[in-house]
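Here is target11.txt, consisting of compact mmCIF, C-alpha atoms and all ligand atoms:
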```txt
# COMPACT_ATOMS: atom_id res chain seq x y z
CA MET A 1 0.00 0.00 0.00
CA ASN A 2 1.30 3.48 -0.83
CA ASN A 3 0.94 5.75 2.18
CA ASP A 4 2.97 8.65 0.82
CA ASN A 5 0.14 11.16 0.88
CA ASP A 6 -1.70 9.95 3.93
CA PRO A 7 -1.30 12.57 6.70
CA LEU A 8 -2.32 9.99 9.29
CA VAL A 9 0.62 7.82 8.42
CA GLU A 10 2.98 10.77 8.29
CA PHE A 11 1.93 12.13 11.70
CA PRO A 12 0.22 9.37 13.67
CA HIS A 13 -1.22 10.53 17.00
CA THR A 14 -1.69 7.87 19.64
CA PRO A 15 -4.56 8.89 21.92
CA VAL A 16 -3.52 9.15 25.55
CA MET A 17 -4.96 6.99 28.37
CA VAL A 18 -7.76 5.66 26.16
CA GLY A 19 -8.83 2.95 28.62
CA GLU A 20 -9.17 5.44 31.47
CA VAL A 21 -10.93 8.02 29.26
CA MET A 22 -13.55 5.46 28.23
CA ARG A 23 -14.01 4.14 31.77
CA TYR A 24 -14.59 7.58 33.26
CA LEU A 25 -16.47 9.19 30.38
CA ARG A 26 -18.60 6.01 30.09
CA PRO A 27 -20.29 6.95 26.79
CA LEU A 28 -23.51 4.96 26.27
CA PRO A 29 -25.56 4.21 23.15
CA GLY A 30 -27.57 7.19 21.96
CA GLN A 31 -25.66 9.78 23.99
CA ILE A 32 -24.29 13.17 22.89
CA VAL A 33 -20.60 13.73 23.59
CA LEU A 34 -18.61 16.93 23.12
CA ASP A 35 -14.92 16.40 22.35
CA CYS A 36 -13.48 19.89 22.78
CA THR A 37 -9.99 19.01 21.48
CA VAL A 38 -10.84 16.43 18.85
CA GLY A 39 -7.34 16.44 17.25
CA ASN A 40 -6.95 13.42 14.97
CA GLY A 41 -10.15 11.94 16.36
CA GLY A 42 -8.34 9.18 18.27
CA HIS A 43 -10.50 9.39 21.40
CA ALA A 44 -13.52 10.49 19.37
CA SER A 45 -13.41 7.27 17.29
CA LYS A 46 -13.61 5.16 20.44
CA ILE A 47 -16.42 7.31 21.78
CA MET A 48 -18.37 6.95 18.53
CA ASN A 49 -18.06 3.18 18.74
CA CYS A 50 -19.81 3.34 22.12
CA ILE A 51 -22.55 5.88 21.39
CA GLY A 52 -23.45 4.06 18.16
CA SER A 53 -25.54 5.31 15.28
CA GLY A 54 -28.14 6.81 17.64
CA GLY A 55 -25.56 9.00 19.34
CA LEU A 56 -23.88 12.23 18.25
CA LEU A 57 -20.25 13.24 18.55
CA LEU A 58 -19.50 16.97 18.42
CA GLY A 59 -15.82 17.67 17.81
CA ILE A 60 -14.08 21.01 18.17
CA ASP A 61 -10.54 21.96 17.24
CA LYS A 62 -8.83 25.27 16.57
CA ASP A 63 -6.61 23.71 13.95
CA MET A 64 -8.08 23.42 10.44
CA ASP A 65 -5.41 20.94 9.24
CA ILE A 66 -6.18 18.56 12.07
CA LEU A 67 -9.92 18.72 11.55
CA GLN A 68 -9.42 17.30 8.05
CA ILE A 69 -7.65 14.32 9.57
CA ALA A 70 -10.38 13.93 12.20
CA LYS A 71 -12.98 13.95 9.43
CA GLN A 72 -11.20 11.14 7.55
CA ASN A 73 -10.92 9.06 10.71
CA LEU A 74 -14.44 9.57 12.00
CA THR A 75 -16.01 8.95 8.61
CA LYS A 76 -14.56 5.43 8.79
CA ILE A 77 -16.50 4.77 12.01
CA GLY A 78 -19.81 5.48 10.34
CA GLY A 79 -21.86 7.11 13.12
CA ARG A 80 -23.13 10.67 13.44
CA PHE A 81 -20.58 13.42 14.03
CA LYS A 82 -20.20 17.15 13.43
CA LEU A 83 -16.86 18.97 13.44
CA PHE A 84 -16.28 22.66 14.12
CA GLN A 85 -13.22 24.84 13.74
CA SER A 86 -13.47 26.93 16.86
CA ASN A 87 -11.93 27.75 20.19
CA TYR A 88 -13.46 25.37 22.75
CA THR A 89 -14.30 28.44 24.85
CA ASP A 90 -16.97 29.13 22.18
CA PHE A 91 -18.54 25.70 22.69
CA ASP A 92 -21.95 27.27 23.48
CA GLU A 93 -22.09 28.58 19.91
CA VAL A 94 -21.15 25.10 18.65
CA LEU A 95 -24.01 23.55 20.65
CA ARG A 96 -26.40 26.18 19.32
CA LEU A 97 -25.35 25.44 15.72
CA ALA A 98 -25.75 21.71 16.34
CA GLY A 99 -29.18 22.25 17.93
CA VAL A 100 -28.08 20.66 21.21
CA ASP A 101 -29.00 21.97 24.71
CA LYS A 102 -27.18 19.52 26.97
CA VAL A 103 -24.47 16.91 26.49
CA ASN A 104 -23.84 13.63 28.32
CA GLY A 105 -20.07 13.70 28.05
CA VAL A 106 -17.30 16.25 27.72
CA LEU A 107 -13.67 15.50 26.89
CA LEU A 108 -10.71 17.88 26.98
CA ASP A 109 -7.35 16.42 25.96
CA LEU A 110 -5.13 19.46 26.28
CA GLY A 111 -1.77 20.13 24.78
CA VAL A 112 -0.26 19.84 21.36
CA SER A 113 -1.13 17.20 18.81
CA SER A 114 1.62 15.17 17.12
CA LEU A 115 0.82 16.81 13.80
CA GLN A 116 1.43 20.25 15.26
CA PHE A 117 4.56 19.13 17.06
CA ASP A 118 6.10 17.14 14.23
CA ARG A 119 5.58 19.64 11.43
CA ALA A 120 8.61 21.93 11.54
CA GLU A 121 6.71 24.78 9.89
CA ARG A 122 4.23 24.98 12.78
CA GLY A 123 7.10 26.14 14.98
CA PHE A 124 6.31 24.19 18.17
CA SER A 125 9.48 22.15 18.45
CA PHE A 126 13.09 23.04 19.23
CA SER A 127 14.24 19.80 17.65
CA LYS A 128 12.67 20.63 14.27
CA ASP A 129 13.85 23.92 12.88
CA GLY A 130 10.98 26.02 11.55
CA LEU A 131 9.55 29.54 11.75
CA LEU A 132 8.72 30.50 15.31
CA ASP A 133 4.91 30.36 15.07
CA MET A 134 3.26 28.11 17.73
CA ARG A 135 -0.33 29.16 16.95
CA MET A 136 -2.77 26.27 17.08
CA ASP A 137 -5.08 28.33 14.88
CA GLN A 138 -2.82 29.82 12.23
CA SER A 139 -5.54 32.21 11.10
CA ASP A 140 -5.73 33.96 14.44
CA GLY A 141 -3.55 35.86 16.90
CA ILE A 142 0.15 36.62 16.99
CA THR A 143 3.03 34.20 16.47
CA ALA A 144 5.64 33.42 19.12
CA ARG A 145 8.10 35.57 17.16
CA GLU A 146 5.72 38.55 17.22
CA LEU A 147 5.12 38.00 20.91
CA ILE A 148 8.86 38.18 21.59
CA GLN A 149 9.14 41.32 19.45
CA GLN A 150 6.33 43.00 21.39
CA CYS A 151 7.80 42.26 24.83
CA ASP A 152 10.42 44.12 26.78
CA GLU A 153 12.85 42.14 28.91
CA GLU A 154 10.72 42.28 32.04
CA GLU A 155 7.52 41.22 30.29
CA LEU A 156 9.28 38.32 28.61
CA ALA A 157 10.85 37.19 31.89
CA GLY A 158 7.35 37.34 33.41
CA ILE A 159 5.96 35.04 30.72
CA LEU A 160 8.82 32.55 31.14
CA TRP A 161 8.36 32.54 34.90
CA LYS A 162 4.57 32.40 34.96
CA TYR A 163 3.91 29.89 32.17
CA GLY A 164 7.18 27.95 32.12
CA GLU A 165 8.04 28.07 35.85
CA GLU A 166 11.52 28.81 34.49
CA ARG A 167 13.91 29.68 37.36
CA ARG A 168 16.38 31.41 35.04
CA SER A 169 13.68 33.53 33.42
CA ARG A 170 15.56 36.85 33.73
CA ARG A 171 18.82 35.58 32.34
CA ILE A 172 17.09 33.89 29.41
CA ALA A 173 14.82 36.88 28.69
CA ARG A 174 17.86 39.20 28.57
CA ALA A 175 19.62 36.90 26.07
CA ILE A 176 16.51 36.61 23.88
CA ILE A 177 15.90 40.37 23.79
CA LEU A 178 19.58 40.98 23.00
CA ALA A 179 19.50 38.45 20.14
CA GLU A 180 16.27 40.01 18.89
CA GLN A 181 17.96 43.44 18.80
CA LYS A 182 21.00 42.08 17.02
CA GLY A 183 19.14 40.59 14.07
CA GLY A 184 16.15 38.74 15.32
CA ILE A 185 15.16 35.25 16.29
CA VAL A 186 13.28 33.88 13.34
CA THR A 187 13.33 30.11 13.85
CA THR A 188 12.81 27.59 16.62
CA GLY A 189 16.42 26.44 16.21
CA GLN A 190 17.72 29.97 16.73
CA LEU A 191 15.65 30.40 19.88
CA ALA A 192 16.86 27.04 21.24
CA SER A 193 20.51 28.06 20.56
CA VAL A 194 20.08 31.40 22.34
CA VAL A 195 18.67 29.63 25.41
CA GLU A 196 21.44 27.05 25.33
CA SER A 197 24.06 29.80 25.15
CA VAL A 198 23.03 31.05 28.62
CA VAL A 199 21.79 27.79 30.17
CA PRO A 200 24.26 25.05 29.24
CA ARG A 201 22.83 21.58 29.04
CA GLY A 202 25.13 20.12 31.71
CA LYS A 203 23.65 16.94 33.18
CA MET A 204 20.08 18.01 32.50
CA LYS A 205 17.89 15.32 30.90
CA MET A 206 15.56 17.97 29.59
CA HIS A 207 16.61 20.33 26.80
CA PRO A 208 17.33 23.72 28.44
CA ALA A 209 14.77 25.38 26.14
CA THR A 210 11.88 23.05 27.09
CA ARG A 211 10.30 25.43 29.61
CA VAL A 212 10.84 28.45 27.36
CA PHE A 213 8.97 26.74 24.52
CA GLN A 214 6.19 25.67 26.88
CA ALA A 215 5.82 29.21 28.23
CA LEU A 216 5.67 30.86 24.81
CA ARG A 217 3.19 28.28 23.52
CA ILE A 218 0.89 28.79 26.50
CA ALA A 219 1.06 32.57 26.08
CA VAL A 220 0.55 32.53 22.29
CA ASN A 221 -2.52 30.28 22.59
CA ASN A 222 -3.91 31.79 25.79
CA GLU A 223 -4.10 28.26 27.12
CA LEU A 224 -4.61 28.77 30.85
CA GLU A 225 -7.20 31.53 30.46
CA ASN A 226 -9.13 29.39 27.97
CA LEU A 227 -9.20 26.46 30.37
CA LYS A 228 -10.40 28.59 33.31
CA LYS A 229 -13.09 30.27 31.25
CA PHE A 230 -14.36 26.93 29.94
CA LEU A 231 -14.46 25.16 33.31
CA GLU A 232 -16.41 28.01 34.88
CA VAL A 233 -19.44 27.43 32.66
CA ILE A 234 -19.38 23.95 31.13
CA HIS A 235 -21.54 22.38 33.90
CA GLN A 236 -24.50 24.49 32.74
CA TYR A 237 -24.52 22.51 29.49
CA MET A 238 -24.11 19.02 31.01
CA ALA A 239 -27.09 16.73 31.57
CA VAL A 240 -27.49 15.33 35.10
CA GLY A 241 -25.26 12.25 35.31
CA GLY A 242 -23.14 13.62 32.45
CA ARG A 243 -19.40 13.25 32.84
CA ILE A 244 -16.39 15.43 32.15
CA VAL A 245 -12.86 14.10 31.65
CA VAL A 246 -9.83 16.38 31.38
CA ILE A 247 -6.32 15.24 30.45
CA ASN A 248 -3.65 17.84 31.14
CA PHE A 249 0.09 17.90 30.64
CA HIS A 250 1.58 20.22 33.22
CA SER A 251 1.15 21.37 36.76
CA LEU A 252 -0.27 24.79 35.87
CA GLU A 253 -3.19 23.21 34.02
CA ASP A 254 -3.65 20.50 36.61
CA ARG A 255 -4.02 23.07 39.39
CA ILE A 256 -6.75 24.86 37.42
CA VAL A 257 -8.68 21.62 36.82
CA LYS A 258 -8.26 20.45 40.42
CA ASP A 259 -9.41 23.77 41.90
CA SER A 260 -12.35 24.11 39.53
CA PHE A 261 -13.62 20.54 40.12
CA ARG A 262 -13.22 20.91 43.90
CA GLU A 263 -15.08 24.20 43.94
CA LYS A 264 -17.94 22.68 41.94
CA ALA A 265 -18.01 19.63 44.22
CA HIS A 266 -18.26 22.03 47.17
CA GLN A 267 -21.16 23.82 45.48
CA GLY A 268 -22.98 20.51 44.87
CA ILE A 269 -22.57 20.74 41.09
CA PHE A 270 -20.07 17.91 40.52
CA THR A 271 -19.17 14.62 42.19
CA LEU A 272 -15.45 14.00 41.88
CA LEU A 273 -14.75 10.66 40.18
CA THR A 274 -10.98 10.93 40.70
CA LYS A 275 -9.78 12.12 44.11
CA ARG A 276 -6.22 12.16 42.79
CA PRO A 277 -5.28 12.51 39.14
CA LEU A 278 -4.77 9.28 37.20
CA ILE A 279 -1.50 8.90 35.33
CA PRO A 280 -0.50 6.58 32.46
CA ASN A 281 0.96 3.21 33.38
CA ASP A 282 4.58 2.29 32.58
CA ASP A 283 3.61 0.21 29.53
CA GLU A 284 1.82 3.15 27.95
CA ILE A 285 4.76 5.47 28.65
CA VAL A 286 7.16 3.04 26.99
CA LYS A 287 4.92 2.85 23.91
CA ASN A 288 4.13 6.57 23.75
CA ILE A 289 6.73 8.73 25.49
CA ARG A 290 4.70 11.90 24.86
CA CYS A 291 2.08 10.79 27.37
CA ARG A 292 4.56 10.66 30.27
CA SER A 293 3.34 13.85 31.95
CA ALA A 294 -0.39 13.28 31.38
CA LYS A 295 -2.81 13.59 34.30
CA LEU A 296 -6.49 12.71 34.06
CA ARG A 297 -9.27 14.09 36.26
CA ALA A 298 -12.96 13.31 35.95
CA ALA A 299 -16.22 14.51 37.50
CA GLU A 300 -19.96 13.83 37.18
CA ARG A 301 -22.74 16.41 36.98
CA ILE A 302 -25.13 16.05 39.89
C1 LIG A 401 -3.53 16.46 22.33
S1 LIG A 401 -4.43 16.99 20.95
C2 LIG A 401 -5.91 16.06 21.02
C3 LIG A 401 -5.79 14.67 20.48
C4 LIG A 401 -7.10 13.90 20.40
N1 LIG A 401 -7.66 13.66 21.69
C5 LIG A 401 -6.93 12.59 19.65
O1 LIG A 401 -7.13 11.53 20.24
O2 LIG A 401 -6.58 12.64 18.47
C6 LIG A 401 -4.99 18.58 21.45
C7 LIG A 401 -5.77 19.31 20.38
O3 LIG A 401 -6.44 20.39 21.02
C8 LIG A 401 -6.49 21.49 20.15
N2 LIG A 401 -6.72 22.68 20.97
C9 LIG A 401 -5.92 23.17 21.93
N3 LIG A 401 -6.47 24.26 22.49
C10 LIG A 401 -7.66 24.45 21.87
C11 LIG A 401 -8.70 25.40 22.02
N4 LIG A 401 -8.62 26.39 22.91
N5 LIG A 401 -9.80 25.28 21.25
C12 LIG A 401 -9.89 24.28 20.33
N6 LIG A 401 -8.93 23.35 20.14
C13 LIG A 401 -7.83 23.43 20.91
C14 LIG A 401 -5.17 21.45 19.43
O4 LIG A 401 -5.25 22.11 18.19
C15 LIG A 401 -4.92 19.94 19.29
O5 LIG A 401 -5.34 19.48 18.05
```

Rewrite the structure of this file - the entire thing - as structure tokens.
Ligand SMILES: C[S@@+](CC[C@H](N)C(=O)[O-])C[C@H]1O[C@@H](n2cnc3c(N)ncnc32)[C@H](O)[C@@H]1O
Amino acid sequence: MNNDNDPLVEFPHTPVMVGEVMRYLRPLPGQIVLDCTVGNGGHASKIMNCIGSGGLLLGIDKDMDILQIAKQNLTKIGGRFKLFQSNYTDFDEVLRLAGVDKVNGVLLDLGVSSLQFDRAERGFSFSKDGLLDMRMDQSDGITARELIQQCDEEELAGILWKYGEERRSRRIARAIILAEQKGGIVTTGQLASVVESVVPRGKMKMHPATRVFQALRIAVNNELENLKKFLEVIHQYMAVGGRIVVINFHSLEDRIVKDSFREKAHQGIFTLLTKRPLIPNDDEIVKNIRCRSAKLRAAERI
């Protein structure tokens, strides 16, 4: 078989913690499920198998390229689905367009998809040299390069500290601003080299630019604000007994999910299904190294 032009083969995305997602989301025949970060449709395919032809899967993603892949994948399953290019914070508009008042399940699988990460031109990765973009929706907002250009040293250090929890934020911000003044940082490789020039690798397992890339990506895509905004209101659109599952990839997101679920449990809106976050088992980490920092939390609408 010739797979040369198949984007799925070029950038396969293995869905994270599928067994746990299905156990906690518990999609049943005929139900309506909202997948807010549908990506390649990995989780969504499994959900569609459970809700069957009487159910409806609503999938949202910011990224137009990925939605095309999701469409190919979900069409193979054969049930009912509708896909929307949107920010998941605008999910109420998606429900209105789909003619749906309440959903039985909500999934958020945060972070970057393999397609975004592996395509050098999307600018997410320091190991693949490409223009410093990092926007999940390339039709909207400013690129990471523009963000750097708009910041002074103090603002940039603030971003690295707040979103990357980077201890050397000031030193790195100074080097980045200096390099920007000297000729500009155009590519991911250039940014990684600037960081490495002031934070040598030493015995670190992690690339010294890891936290810098995380921080810029979170800032460019407004990730934490989106998550907070969404969690504040989603319960109003969940049927009683409906379930929400969130997979996050770093402590800043996990804190937001934990605090929001606890507050709603306190208010009698949610029952917590996971007292502590679930994490992938060792087998899954060996097979899919990208899932190593995943944490899953789930709750049920009372
Ligand atoms: C880890 S991937 C999801 C993978 C998916 N669960 C699967 O199994 O294929 C995360 C996806 O969320 C999307 N995304 C991130 N933030 C978003 C937002 N605020 N609104 C809509 N989509 C978003 C990204 O574009 C990316 O495709």

> Can you tell me, as a list of chain:residue names, what residues are no more than 7 Å from Ala192 in chain A when counting all atoms listed in the file, ignoring any on the same chain fewer than 3 positions away?
Replying inline: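 So the residues in contact are A:Phe126, A:Thr188, A:Gly189, A:Val195, A:Glu196, A:Ala209.
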
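Remark: for ligand LIG 401 (chain A), the closest of the candidate residues A:Pro208, A:Gly130, A:Gly164, A:Gly111 is A:Gly111 (distances computed over only C-alpha atoms and all ligand atoms).
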
> Any idea what the distance is between CA of Asn281 in chain A and CA of Ile244 in chain A?
Replying inline: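 Between CA of Asn281 in chain A and CA of Ile244 in chain A the gap is 21.3 Å.
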
Within 6 Å of ligand LIG 401 (chain A): each chain A residue with its shortest pair, all atoms listed in the file, as JSON lines:
```
{"residue": "A:His13", "atom": "CA", "partner": "A:LIG401", "partner_atom": "O2", "distance": 5.9}
{"residue": "A:Pro15", "atom": "CA", "partner": "A:LIG401", "partner_atom": "O1", "distance": 4.0}
{"residue": "A:Thr37", "atom": "CA", "partner": "A:LIG401", "partner_atom": "O3", "distance": 3.8}
{"residue": "A:Val38", "atom": "CA", "partner": "A:LIG401", "partner_atom": "C4", "distance": 4.8}
{"residue": "A:Gly39", "atom": "CA", "partner": "A:LIG401", "partner_atom": "O5", "distance": 3.7}
{"residue": "A:Asn40", "atom": "CA", "partner": "A:LIG401", "partner_atom": "O2", "distance": 3.6}
{"residue": "A:Gly41", "atom": "CA", "partner": "A:LIG401", "partner_atom": "O2", "distance": 4.2}
{"residue": "A:Gly42", "atom": "CA", "partner": "A:LIG401", "partner_atom": "O1", "distance": 3.3}
{"residue": "A:His43", "atom": "CA", "partner": "A:LIG401", "partner_atom": "O1", "distance": 4.2}
{"residue": "A:Ile60", "atom": "CA", "partner": "A:LIG401", "partner_atom": "C12", "distance": 5.7}
{"residue": "A:Asp61", "atom": "CA", "partner": "A:LIG401", "partner_atom": "N6", "distance": 3.6}
{"residue": "A:Lys62", "atom": "CA", "partner": "A:LIG401", "partner_atom": "C12", "distance": 4.0}
{"residue": "A:Asp63", "atom": "CA", "partner": "A:LIG401", "partner_atom": "O4", "distance": 4.7}
{"residue": "A:Ser86", "atom": "CA", "partner": "A:LIG401", "partner_atom": "C12", "distance": 5.6}
{"residue": "A:Asn87", "atom": "CA", "partner": "A:LIG401", "partner_atom": "N5", "distance": 3.4}
{"residue": "A:Tyr88", "atom": "CA", "partner": "A:LIG401", "partner_atom": "N5", "distance": 4.0}
{"residue": "A:Asp109", "atom": "CA", "partner": "A:LIG401", "partner_atom": "N1", "distance": 5.1}
{"residue": "A:Leu110", "atom": "CA", "partner": "A:LIG401", "partner_atom": "C6", "distance": 4.9}
{"residue": "A:Gly111", "atom": "CA", "partner": "A:LIG401", "partner_atom": "C1", "distance": 4.8}
{"residue": "A:Val112", "atom": "CA", "partner": "A:LIG401", "partner_atom": "C1", "distance": 4.8}
{"residue": "A:Ser113", "atom": "CA", "partner": "A:LIG401", "partner_atom": "S1", "distance": 3.9}
{"residue": "A:Met136", "atom": "CA", "partner": "A:LIG401", "partner_atom": "O4", "distance": 5.0}
{"residue": "A:Asn226", "atom": "CA", "partner": "A:LIG401", "partner_atom": "N4", "distance": 5.9}
```

>> For a quick check of understanding, using all atoms listed in the file, which of A:Val33, A:Leu107, A:Leu160, A:Leu227 has the smallest distance to Val246 in chain A?
In response: A:Leu107

>> Residues proximal to (-15.3, 18.0, 15.9) were defined as those with any atom within 9 Å of that point in the file's coordinates, counting all atoms listed in the file. Which are they, as a PyMOL selection string?
In response: chain A and resi 34-39+41+44+57-61+67+70-71+81-85

> Which of these residues is nearest to Lys76 in chain A, using all atoms listed in the file: A:Ala239, A:Met48, A:Ala219, A:Ile279?
Replying inline: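 Checking each candidate against Lys76 in chain A, we get A:Met48 as the closest.
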
>> If I take CA of Ile69 in chain A and CA of Met134 in chain A, how far is one from the other in Å, to one decimal?
In response: 19.4 Å

> At what distance in Å, to one decimal, does CA of Glu166 in chain A lie from CA of Arg211 in chain A?
Replying inline: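 Atom-to-atom, CA of Arg211 in chain A to CA of Glu166 in chain A, that is 6.1 Å.
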
>> Using only C-alpha atoms, which protein or nucleic acid residues come within 12 Å of range 262-265 of chain A? Drop anything in the same chain fewer than 4 positions from it, and give the result as a VMD selection string.
In response: chain A and resid 231 to 236 255 to 258 269 to 276 297 to 302

>> I want to know what sits within 9 Å of Ala179 in chain A, based on all atoms listed in the file, with residues of the same chain fewer than 5 positions away left out; could you give that as a list of chain:residue names?
In response: A:Arg174, A:Gly184, A:Ile185, A:Leu191, A:Val194

> Quick one: of A:Arg96, A:Val220, A:Glu121, A:Ser169, who's nearest to Gln150 in chain A, counting only C-alpha atoms?
Replying inline: A:Val220

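The nearest approach to Tyr24 in chain A among the residues A:Gly268, A:Gly105, A:Gly99, A:Gly55, with all atoms listed in the file taken into account, belongs to A:Gly105.
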
>> When you count all atoms listed in the file, which of these residues is closest to Arg171 in chain A: A:Asp137, A:Asp129, A:Glu93, A:Glu153?
In response: A:Glu153

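For Thr14 in chain A, the non-local neighbours within 12 Å, defined as residues at least 2 positions apart in the same chain or in other chains and counting all atoms listed in the file, are Leu8, Val9, Phe11, Pro12, Val16, Met17, Val18, Gly39, Asn40, Gly41, Gly42, His43, Ser45, Ser113, Ser114, Leu115, Glu284, Ile285, Lys287, Asn288, Ile289, Arg290 and Cys291 of chain A.
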
> Ser293 in chain A: which residues within 10 Å, counting all atoms listed in the file, same-chain residues fewer than 6 positions away excluded, as a list in words?
Replying inline: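 Near Ser293 in chain A, the qualifying residues are Ile247, Asn248, Phe249, His250, Ser251, Ile279, Pro280 and Ile285 of chain A.
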
Hey, can you spit out that residue selection with C-alpha atoms as a CSV table (one decimal), in the coordinates of the input?
```csv
chain,number,residue,atom,x,y,z
A,247,ILE,CA,-6.3,15.2,30.4
A,248,ASN,CA,-3.6,17.8,31.1
A,249,PHE,CA,0.1,17.9,30.6
A,250,HIS,CA,1.6,20.2,33.2
A,251,SER,CA,1.2,21.4,36.8
A,279,ILE,CA,-1.5,8.9,35.3
A,280,PRO,CA,-0.5,6.6,32.5
A,285,ILE,CA,4.8,5.5,28.6
```

Atoms are missing here; could range 98-118 of chain A be completed with N, CA and C atoms and written as a PDB file, in the coordinates of the input?
```pdb
ATOM      1  N   ALA A  98     -25.418  23.138  16.465  1.00  0.00           N
ATOM      2  CA  ALA A  98     -25.750  21.710  16.340  1.00  0.00           C
ATOM      3  C   ALA A  98     -27.177  21.441  16.834  1.00  0.00           C
ATOM      4  N   GLY A  99     -27.822  22.437  17.413  1.00  0.00           N
ATOM      5  CA  GLY A  99     -29.180  22.250  17.930  1.00  0.00           C
ATOM      6  C   GLY A  99     -29.224  21.390  19.176  1.00  0.00           C
ATOM      7  N   VAL A 100     -28.184  21.498  20.005  1.00  0.00           N
ATOM      8  CA  VAL A 100     -28.080  20.660  21.210  1.00  0.00           C
ATOM      9  C   VAL A 100     -28.127  21.563  22.451  1.00  0.00           C
ATOM     10  N   ASP A 101     -28.944  21.187  23.463  1.00  0.00           N
ATOM     11  CA  ASP A 101     -29.000  21.970  24.710  1.00  0.00           C
ATOM     12  C   ASP A 101     -27.995  21.455  25.738  1.00  0.00           C
ATOM     13  N   LYS A 102     -28.020  20.120  25.929  1.00  0.00           N
ATOM     14  CA  LYS A 102     -27.180  19.520  26.970  1.00  0.00           C
ATOM     15  C   LYS A 102     -26.445  18.305  26.419  1.00  0.00           C
ATOM     16  N   VAL A 103     -25.248  18.077  26.942  1.00  0.00           N
ATOM     17  CA  VAL A 103     -24.470  16.910  26.490  1.00  0.00           C
ATOM     18  C   VAL A 103     -24.294  15.929  27.643  1.00  0.00           C
ATOM     19  N   ASN A 104     -24.027  14.660  27.298  1.00  0.00           N
ATOM     20  CA  ASN A 104     -23.840  13.630  28.320  1.00  0.00           C
ATOM     21  C   ASN A 104     -22.373  13.431  28.676  1.00  0.00           C
ATOM     22  N   GLY A 105     -21.493  13.877  27.780  1.00  0.00           N
ATOM     23  CA  GLY A 105     -20.070  13.700  28.050  1.00  0.00           C
ATOM     24  C   GLY A 105     -19.265  14.841  27.468  1.00  0.00           C
ATOM     25  N   VAL A 106     -18.186  15.188  28.190  1.00  0.00           N
ATOM     26  CA  VAL A 106     -17.300  16.250  27.720  1.00  0.00           C
ATOM     27  C   VAL A 106     -15.862  15.767  27.883  1.00  0.00           C
ATOM     28  N   LEU A 107     -15.076  15.888  26.809  1.00  0.00           N
ATOM     29  CA  LEU A 107     -13.670  15.500  26.890  1.00  0.00           C
ATOM     30  C   LEU A 107     -12.787  16.678  26.493  1.00  0.00           C
ATOM     31  N   LEU A 108     -11.760  16.898  27.297  1.00  0.00           N
ATOM     32  CA  LEU A 108     -10.710  17.880  26.980  1.00  0.00           C
ATOM     33  C   LEU A 108      -9.388  17.159  27.082  1.00  0.00           C
ATOM     34  N   ASP A 109      -8.683  17.041  25.961  1.00  0.00           N
ATOM     35  CA  ASP A 109      -7.350  16.420  25.960  1.00  0.00           C
ATOM     36  C   ASP A 109      -6.403  17.543  25.548  1.00  0.00           C
ATOM     37  N   LEU A 110      -5.844  18.198  26.532  1.00  0.00           N
ATOM     38  CA  LEU A 110      -5.130  19.460  26.280  1.00  0.00           C
ATOM     39  C   LEU A 110      -3.763  19.207  25.644  1.00  0.00           C
ATOM     40  N   GLY A 111      -3.128  20.273  25.300  1.00  0.00           N
ATOM     41  CA  GLY A 111      -1.770  20.130  24.780  1.00  0.00           C
ATOM     42  C   GLY A 111      -1.708  20.147  23.270  1.00  0.00           C
ATOM     43  N   VAL A 112      -0.557  19.721  22.784  1.00  0.00           N
ATOM     44  CA  VAL A 112      -0.260  19.840  21.360  1.00  0.00           C
ATOM     45  C   VAL A 112      -0.454  18.477  20.711  1.00  0.00           C
ATOM     46  N   SER A 113      -0.985  18.474  19.505  1.00  0.00           N
ATOM     47  CA  SER A 113      -1.130  17.200  18.810  1.00  0.00           C
ATOM     48  C   SER A 113       0.189  16.860  18.107  1.00  0.00           C
ATOM     49  N   SER A 114       0.368  15.580  17.779  1.00  0.00           N
ATOM     50  CA  SER A 114       1.620  15.170  17.120  1.00  0.00           C
ATOM     51  C   SER A 114       1.812  15.897  15.813  1.00  0.00           C
ATOM     52  N   LEU A 115       0.700  16.125  15.095  1.00  0.00           N
ATOM     53  CA  LEU A 115       0.820  16.810  13.800  1.00  0.00           C
ATOM     54  C   LEU A 115       1.412  18.201  14.000  1.00  0.00           C
ATOM     55  N   GLN A 116       0.912  18.904  15.008  1.00  0.00           N
ATOM     56  CA  GLN A 116       1.430  20.250  15.260  1.00  0.00           C
ATOM     57  C   GLN A 116       2.905  20.178  15.665  1.00  0.00           C
ATOM     58  N   PHE A 117       3.212  19.229  16.513  1.00  0.00           N
ATOM     59  CA  PHE A 117       4.560  19.130  17.060  1.00  0.00           C
ATOM     60  C   PHE A 117       5.577  18.673  16.006  1.00  0.00           C
ATOM     61  N   ASP A 118       5.148  17.754  15.153  1.00  0.00           N
ATOM     62  CA  ASP A 118       6.100  17.140  14.230  1.00  0.00           C
ATOM     63  C   ASP A 118       6.300  17.939  12.946  1.00  0.00           C
TER      64      ASP A 118
END
```
